[in-house]
Every structure is written in structure tokens, then in C-alpha cells.
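Beneath this line is the structure, given in C-alpha cells, with notes to follow.
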Amino acid sequence: PTRHNYLRPLDILAEAVPPDGAASGISVTRVQGALGLQLSAAAPHAVSFPASRIFVRCDLFPEEFSIVVTLKPPSLPPKKNEYLFSVVAEGPDALLLGLQTNMKVTLGPQPPCTKVEDAHFWFDAGRKGLYLCVGSEWVSVLAAKEKLDYVEEYQSLHTNSETLGLEVFVIPEAGLFLATANRKTTSAVYKWMDGKFSSYQNIPTQQAQSWRHFTIGRKVFLAVANFDPNEKGQEFSVIYKWSQRKLRFTPYQRVPTHSARDWEAFEVAGEHFLAVANHREGDNHNIDSVIYKWNPSTRLFEPNQTIATCGAYDWEFFTVGPYSFLVVANAFNGTSTKVQSHLYVWLLGSFQLFQSFLTFGAADWEVFRIGDRIFLAVANSHSYDVEMQVQNDSYVINSVIYELNVSAQMFVKFQEITTCSALDWEFFSVGEDYFLVVANSFDGNTFLVNSIIYRWQGYEGFVAVHSLPTFGCRDWEAFRTAAGSYLVYSSAKEPLSRVLRLRTG
Ligand SMILES: [Ca+2]
Ligand SMILES: [Ca+2]
Ligand SMILES: [Ca+2]
């Protein structure tokens, strides 16, 4: 059957009610301003009309349609075969579909859906969704479109010290966790319990910059990027493994790094990789960052490829169809923050240069998809050049969103957004809307600057919708629980991270 896009919403009752409604026991009534039809209980009646009257240009009854019914029953006796709406075949008068009046709607948490509940409804008040039990599954039949209304402060998380990176992750059967990369000698893992993050485990780190959670098979790992050497002068970052027995992270592998800023974990052709962003070695920012590959027989990560970087800050991995990409944020070459950040593509067993972007103290790349469009946003933190006089506004600069042009096989500038020493972009969605939040950290005078939430508005691109006062904002993460959607951000300038709740209406 062809699609019948010309079908507009129809007032079925208006079709069905005969002009002399009153004579057939139907009267027009008004309840609280809403016009309705009252069916008299005394005279049983079938109000019907042939479907051909509405489907004038199609021979077949549509496979899918929806009916909106507002029913105000004084009382409904549970009679069998009493329908609010039915579709009857022509000729033999066989019932094709019947919407019964004695619908069972359960409220509260998700009830079981077995044979007993078949054809029952469940209304999830939290998510404003109506579900129908079909077979043994709750099928969504009506879902309210969630819209971001505003954000509200939800939890103040006092941390061991200033927090540079945040990582939110789920461990199956253990729960939702937040790892904080703290400036001083102890970082922490928090567990979401009773709707709050509670202290769960402290982990000694050296000026930790970020955490990266990843899994290999059923093994759960958490890698920390240590910026400083330890008290013995040894410089390394550590991969921790989740112990199913201790229910804690335990050290698994030490990896020599140089002022590590970031770890990225990814899989290419069934093999597991970890890439470290080495920021500098001593005063030298022009060093190698390293991609490690998991060796399934030694069960260790081994160096696989080195990539020359300058003041590397962040790695971001993504795929486009069969292609794997890795992009690095290069922040500083020793004299200038105006450097090329490079995008690499996996070809013949290694990453090869694909495209370069001029960036200014690039601190973060964020890849995201809207429909079938692919975007890459860079957070530019600082415009600085030794040879040029440092300008006052060198922190208030543009960060750039690029979009993949598939036919040109390259990313092209999509939008520039003015940011204040941007350190992170985080993409998230609420209902059918897409958002980007930026970590604005410094405007040249103060760390007290607003971080901004932008909403995707199609042709207009991203438009600022919320301004959130932050202090030395360093990292944003979005996460969801059964109870709702949240954002959490860290501060590099005070030992306080904040969880914000996304209020939807
Ligand atoms: Ca990263
Ligand atoms: Ca990011
Ligand atoms: Ca982030």
C-alpha cells in the first residue's frame, strides 16, 4: 500500500454523528469549555460510518493510525465486547479492531507484563509515557515529548581537591559511578546511591588530569592520566581494573607517560587500543603521544604507534561508516598556541593524517551526530604567541564546530562560537532536542564566568539558551538515571563539583 500523507487529523465523531443527533440519543454538551457529545444510556446505539468516507483515495485500510479519545464516563460496567471504537470488516461484519472501554491502566513503577496483563496499559508518570503490554513487553504507545525547561542545582560535591576531569560510567550489576581526577595526591570514585554521588574509593594519583573508563570483554578498566611524576621522580600513568571480588578498582598496568593529559579507549577491527595525550617532557612540548594495543595473550597494553604532537591535550575517537578516526587537540608548541590539530584515519593497520585544523590552545574535541550529520567541535582555550604582545582578550576567542562534508571527504567550518578559555564541550540530548554545553573557564580577569548551554536549532545552528555561573569550569559530563537527566561539572579552581538536574516539562 502507498503512504497516505494527505491524511489530516479527522474528527471521527463529527463523521459518525448523524445530522439529527438528538433523535438517535446523541446530544451536544459542553464540559469545562470543551465541546463533547453525550451518548444517552437509555438507547443503545452504534454510531458508525463507512471507512471509505475518509479514505477517499485508497483501497486499503491504513496499517498504522492513531486515535485520540477523551472519554468522561460516569461509570462503565465491565461488559465484554463493549467497544469505544471498533473497525468492522465490510460484508461479514467481523470485528477487526476494538478499543475497549474497560481499559486497565496501572500507575507507579513498571508493573510486570505477562499473559495476565496482556492488553493492559501502564502510565509512567515520571516519563509521561503510556505503555501497552503486548506479549511480554511494554510497548510505548504514547510518549510526551520531553523538553528541557531549565537546570537546577542538585548536588554540591566537595572533592579532595580541585578537579580537572570527570568520568561517569556504569558497571553492570555494580551501579553508576563518577571518577574525579583531582589536582592533589588523591583522586576519587563516587557511587550514585539514593539519588546522590557518595564517596566510594580514593585512588592515589599525581596531579591527575582525566580518567577514561573502558571495557575489554567483561573486564572493566579505568585509566588515569597523571601529569606529574611521583615522589620518587618516576613518571607514569596507571590503568586500574575493577575487581569483581573486592568491588574496587585495583592497579593493573603502569604506562610511562609525559605530563599525560588524556586517555582515549577505542576498538578497531575487534582489537582494543588506548591512546595517551603526552603534553610535554620537561619544557619540550613537541613530543610523541602513543597509541597502545591490547595484547590478548599477555593481557597488557603494548605500544603500537607513536604520533608527533605538540602540547597534546585531548584525543577523540569516532567512526564514520567503516572508517575509524582519531583526532588530537594540540595546544602549544613551545612558542605559540596557534598550532595545527590533526585528524587521523585508520588505513592499512595504522593511523594516517587525514585533515589538519588551525586551533588556539585546543583543549578538547567533541564529536557528535545529529540525524545523519557528523560534527566535530574544538574548544579553543587561549590565543598566545611569544613573539606577539599578549592581548587582553586572548582568552575570549572563537571555538569552532566543523561538519563532515561527505562528498568533499573533509570537515568544513559550520559555526564559530565565542568562548572564554573553553576547556570542554559536552554534547547531550533531551527528548528530541540536542544541546552542547561549553566549559568556559577564564575571561582574562576572572575564573567566575558563565558556561553556556546551546540548543541545536537546525538552520540557525547552536543558539545559547542557558547561562550557568561557573568558577574555573574544567569539564562537563551528562548522564541519566531512571529518575532523570543530569549534568555534572568540575572546577579546576576550587574543590567543588556540582551536579545539575535537567528539569523537563
Ligand atoms: Ca578525550
Ligand atoms: Ca568533551
Ligand atoms: Ca567532558
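By convention in this document, the chains of the C-alpha cells carry letters A, B, ... by their order, each chain's residues are numbered from 1, and ligands are numbered from 1 in the order they are shown.
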| Could you list, as a PyMOL selection string, all the residues within 12 Å of ligand 1, counting only C-alpha atoms and all ligand atoms? | chain A and resi 165-167+209-213+223-225+260-266+274-277+312-318+326-329+362-367+378-379+423-426+475+477
Go ahead and write the residues just picked, C-alpha atoms, as an mmCIF file, in the first residue's frame.
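Writing the result to selection.cif gives the following:
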data_model
loop_
_atom_site.group_PDB
_atom_site.id
_atom_site.type_symbol
_atom_site.label_atom_id
_atom_site.label_comp_id
_atom_site.auth_asym_id
_atom_site.auth_seq_id
_atom_site.Cartn_x
_atom_site.Cartn_y
_atom_site.Cartn_z
ATOM 1 C CA GLY A 165 38.477 15.676 34.722
ATOM 2 C CA LEU A 166 35.234 13.830 35.297
ATOM 3 C CA GLU A 167 34.165 10.431 34.005
ATOM 4 C CA GLN A 209 44.103 15.317 34.584
ATOM 5 C CA SER A 210 41.447 12.875 33.459
ATOM 6 C CA TRP A 211 40.001 9.386 33.776
ATOM 7 C CA ARG A 212 38.875 7.072 30.994
ATOM 8 C CA HIS A 213 36.572 4.108 31.577
ATOM 9 C CA ALA A 223 42.833 4.665 33.236
ATOM 10 C CA VAL A 224 44.157 7.829 34.842
ATOM 11 C CA ALA A 225 46.314 10.444 33.109
ATOM 12 C CA ALA A 260 49.680 12.973 30.413
ATOM 13 C CA ARG A 261 46.516 14.943 29.825
ATOM 14 C CA ASP A 262 44.089 12.395 28.421
ATOM 15 C CA TRP A 263 43.429 8.765 27.588
ATOM 16 C CA GLU A 264 41.164 7.618 24.779
ATOM 17 C CA ALA A 265 39.990 4.000 24.513
ATOM 18 C CA PHE A 266 38.629 2.517 21.311
ATOM 19 C CA LEU A 274 44.416 3.127 24.257
ATOM 20 C CA ALA A 275 45.876 6.451 23.151
ATOM 21 C CA VAL A 276 47.611 8.781 25.591
ATOM 22 C CA ALA A 277 47.991 12.521 25.054
ATOM 23 C CA ALA A 312 48.676 17.411 23.276
ATOM 24 C CA TYR A 313 45.592 17.885 25.433
ATOM 25 C CA ASP A 314 42.930 15.524 24.201
ATOM 26 C CA TRP A 315 42.249 12.560 21.924
ATOM 27 C CA GLU A 316 38.825 11.779 20.489
ATOM 28 C CA PHE A 317 37.957 8.641 18.547
ATOM 29 C CA PHE A 318 34.950 8.171 16.270
ATOM 30 C CA LEU A 326 41.308 9.727 15.840
ATOM 31 C CA VAL A 327 41.677 13.467 16.358
ATOM 32 C CA VAL A 328 44.184 15.180 18.642
ATOM 33 C CA ALA A 329 43.907 18.585 20.290
ATOM 34 C CA ALA A 362 42.935 23.393 21.728
ATOM 35 C CA ALA A 363 41.854 21.582 24.891
ATOM 36 C CA ASP A 364 39.055 19.294 23.716
ATOM 37 C CA TRP A 365 37.457 17.737 20.668
ATOM 38 C CA GLU A 366 33.864 16.588 20.872
ATOM 39 C CA VAL A 367 32.303 14.516 18.126
ATOM 40 C CA VAL A 378 37.007 22.103 19.187
ATOM 41 C CA ALA A 379 37.412 24.010 22.460
ATOM 42 C CA LEU A 423 38.268 23.650 28.028
ATOM 43 C CA ASP A 424 35.489 21.207 27.199
ATOM 44 C CA TRP A 425 32.434 20.685 25.030
ATOM 45 C CA GLU A 426 29.794 18.162 26.035
ATOM 46 C CA ASP A 475 34.871 19.540 32.498
ATOM 47 C CA GLU A 477 29.587 15.311 31.723
#
| task | Based on DSSP run over this structure's backbone, return all residues of segment 224-437 of chain A in strand (DSSP E or B), as a ChimeraX atom specification. | result | /A:224-226,236-243,248-256,260-268,271-278,281,284,286-295,300-310,312-320,323-330,336,338-347,350-360,362-370,373-380,385,396-405,410-420,422-430,433-437
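Here the question is which of A:Ala208, A:Val437, A:Leu157, A:Leu502 gets nearest to Phe227 of chain A using only C-alpha atoms, and that residue is A:Ala208.
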| query | Which polymer residues have any atom within 10 Å of an atom of Val499 of chain A, counting only C-alpha atoms, with same-chain residues fewer than 3 positions away left out, as an MDAnalysis selection string? | reply | chainID A and resid 151:157 196:197 476:478 486:490 502
| request: Excluding segment 337-351 of chain A and residues on its chain fewer than 6 positions from it, collect all residues at most 7 Å away from it, counting only C-alpha atoms, and give them as a VMD selection string. | output: chain A and resid 323 to 331 357 to 361 382 to 385
Find the residues near Gln253 of chain A: any atom within 10 Å, counting only C-alpha atoms, skip ones fewer than 4 places away on the same chain, and give them as a JSON list (two decimals) with N, CA and C atoms, in the first residue's frame.
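Saved file out.json follows:
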[["chain", "number", "residue", "atom", "x", "y", "z"],
["A", 223, "ALA", "N", 41.45, 4.20, 33.40],
["A", 223, "ALA", "CA", 42.83, 4.67, 33.24],
["A", 223, "ALA", "C", 42.91, 6.12, 33.67],
["A", 236, "PHE", "N", 54.57, 8.14, 35.30],
["A", 236, "PHE", "CA", 53.75, 7.12, 34.64],
["A", 236, "PHE", "C", 52.27, 7.38, 34.92],
["A", 237, "SER", "N", 51.45, 6.80, 34.08],
["A", 237, "SER", "CA", 50.00, 6.81, 34.31],
["A", 237, "SER", "C", 49.61, 5.37, 34.60],
["A", 238, "VAL", "N", 48.42, 5.19, 35.15],
["A", 238, "VAL", "CA", 48.04, 3.86, 35.63],
["A", 238, "VAL", "C", 46.68, 3.44, 35.07],
["A", 239, "ILE", "N", 46.63, 2.16, 34.69],
["A", 239, "ILE", "CA", 45.36, 1.56, 34.29],
["A", 239, "ILE", "C", 44.90, 0.71, 35.48],
["A", 240, "TYR", "N", 43.69, 0.95, 35.95],
["A", 240, "TYR", "CA", 43.12, 0.18, 37.05],
["A", 240, "TYR", "C", 42.08, -0.78, 36.50],
["A", 241, "LYS", "N", 41.92, -1.90, 37.18],
["A", 241, "LYS", "CA", 40.92, -2.88, 36.77],
["A", 241, "LYS", "C", 39.93, -3.07, 37.91],
["A", 299, "ARG", "N", 47.82, -10.00, 27.95],
["A", 299, "ARG", "CA", 46.79, -9.22, 28.65],
["A", 299, "ARG", "C", 47.34, -7.90, 29.15],
["A", 300, "LEU", "N", 48.16, -7.28, 28.30],
["A", 300, "LEU", "CA", 48.71, -5.96, 28.63],
["A", 300, "LEU", "C", 48.62, -5.07, 27.40],
["A", 301, "PHE", "N", 48.67, -3.77, 27.64],
["A", 301, "PHE", "CA", 48.72, -2.82, 26.53],
["A", 301, "PHE", "C", 50.18, -2.64, 26.13]]
| message | Env of Val134 of chain A: 10 Å cut, atoms = only C-alpha atoms, seq-sep filter 5 positions within chain, self excluded. Answer as a ChimeraX atom specification. | response | /A:113-115,117-121,139
| task | With a distance cut-off of 7 Å and only C-alpha atoms, select the neighbouring residues of Ile374 of chain A, excluding the residue or stretch itself and same-chain residues fewer than 2 positions from it, and output the selection as a PyMOL selection string. | result | chain A and resi 368-370+372+403-404
| request: Give the answer as one residue: which of A:Ile203, A:Ala308, A:Ala181, A:Val412 has the shortest atom-to-atom distance to ligand 3, using only C-alpha atoms and all ligand atoms? | output: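 Under the stated criterion, the closest residue is A:Ala181.
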| Mind pulling up the distance from atom CA of Glu494 of chain A to atom CA of Thr257 of chain A? |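 Straight-line distance from atom CA of Thr257 of chain A to atom CA of Glu494 of chain A works out to 26.5 Å.
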| So, counting only C-alpha atoms and all ligand atoms, which residue among A:Leu176, A:Val168, A:Leu353, A:Ile452 is closest to ligand 3? |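 Using only C-alpha atoms and all ligand atoms, the shortest distance to ligand 3 belongs to A:Val168.
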| field | Straight-line distance linking atom CA of Ile397 of chain A with atom CA of Ile417 of chain A, stated in Å to one decimal | value |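 Going from atom CA of Ile397 of chain A over to atom CA of Ile417 of chain A covers 8.2 Å.
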| field | Coordinates-based distance that separates atom CA of Ser86 of chain A from atom CA of Ala16 of chain A (Å, one decimal) | value | 12.3 Å
| request: Give the answer as one residue: which of A:Gln457, A:Ala422, A:Gly195, A:Gln201 has the shortest atom-to-atom distance to ligand 2, using only C-alpha atoms and all ligand atoms? | output: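 Comparing A:Gln457, A:Ala422, A:Gly195, A:Gln201 against ligand 2, the winner is A:Ala422.
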| Proximity to Thr159 of chain A - best of A:Gly129, A:Pro172, A:Pro495, A:Gly505, only C-alpha atoms |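 Of A:Gly129, A:Pro172, A:Pro495, A:Gly505, the one nearest Thr159 of chain A, counting only C-alpha atoms, is A:Pro495.
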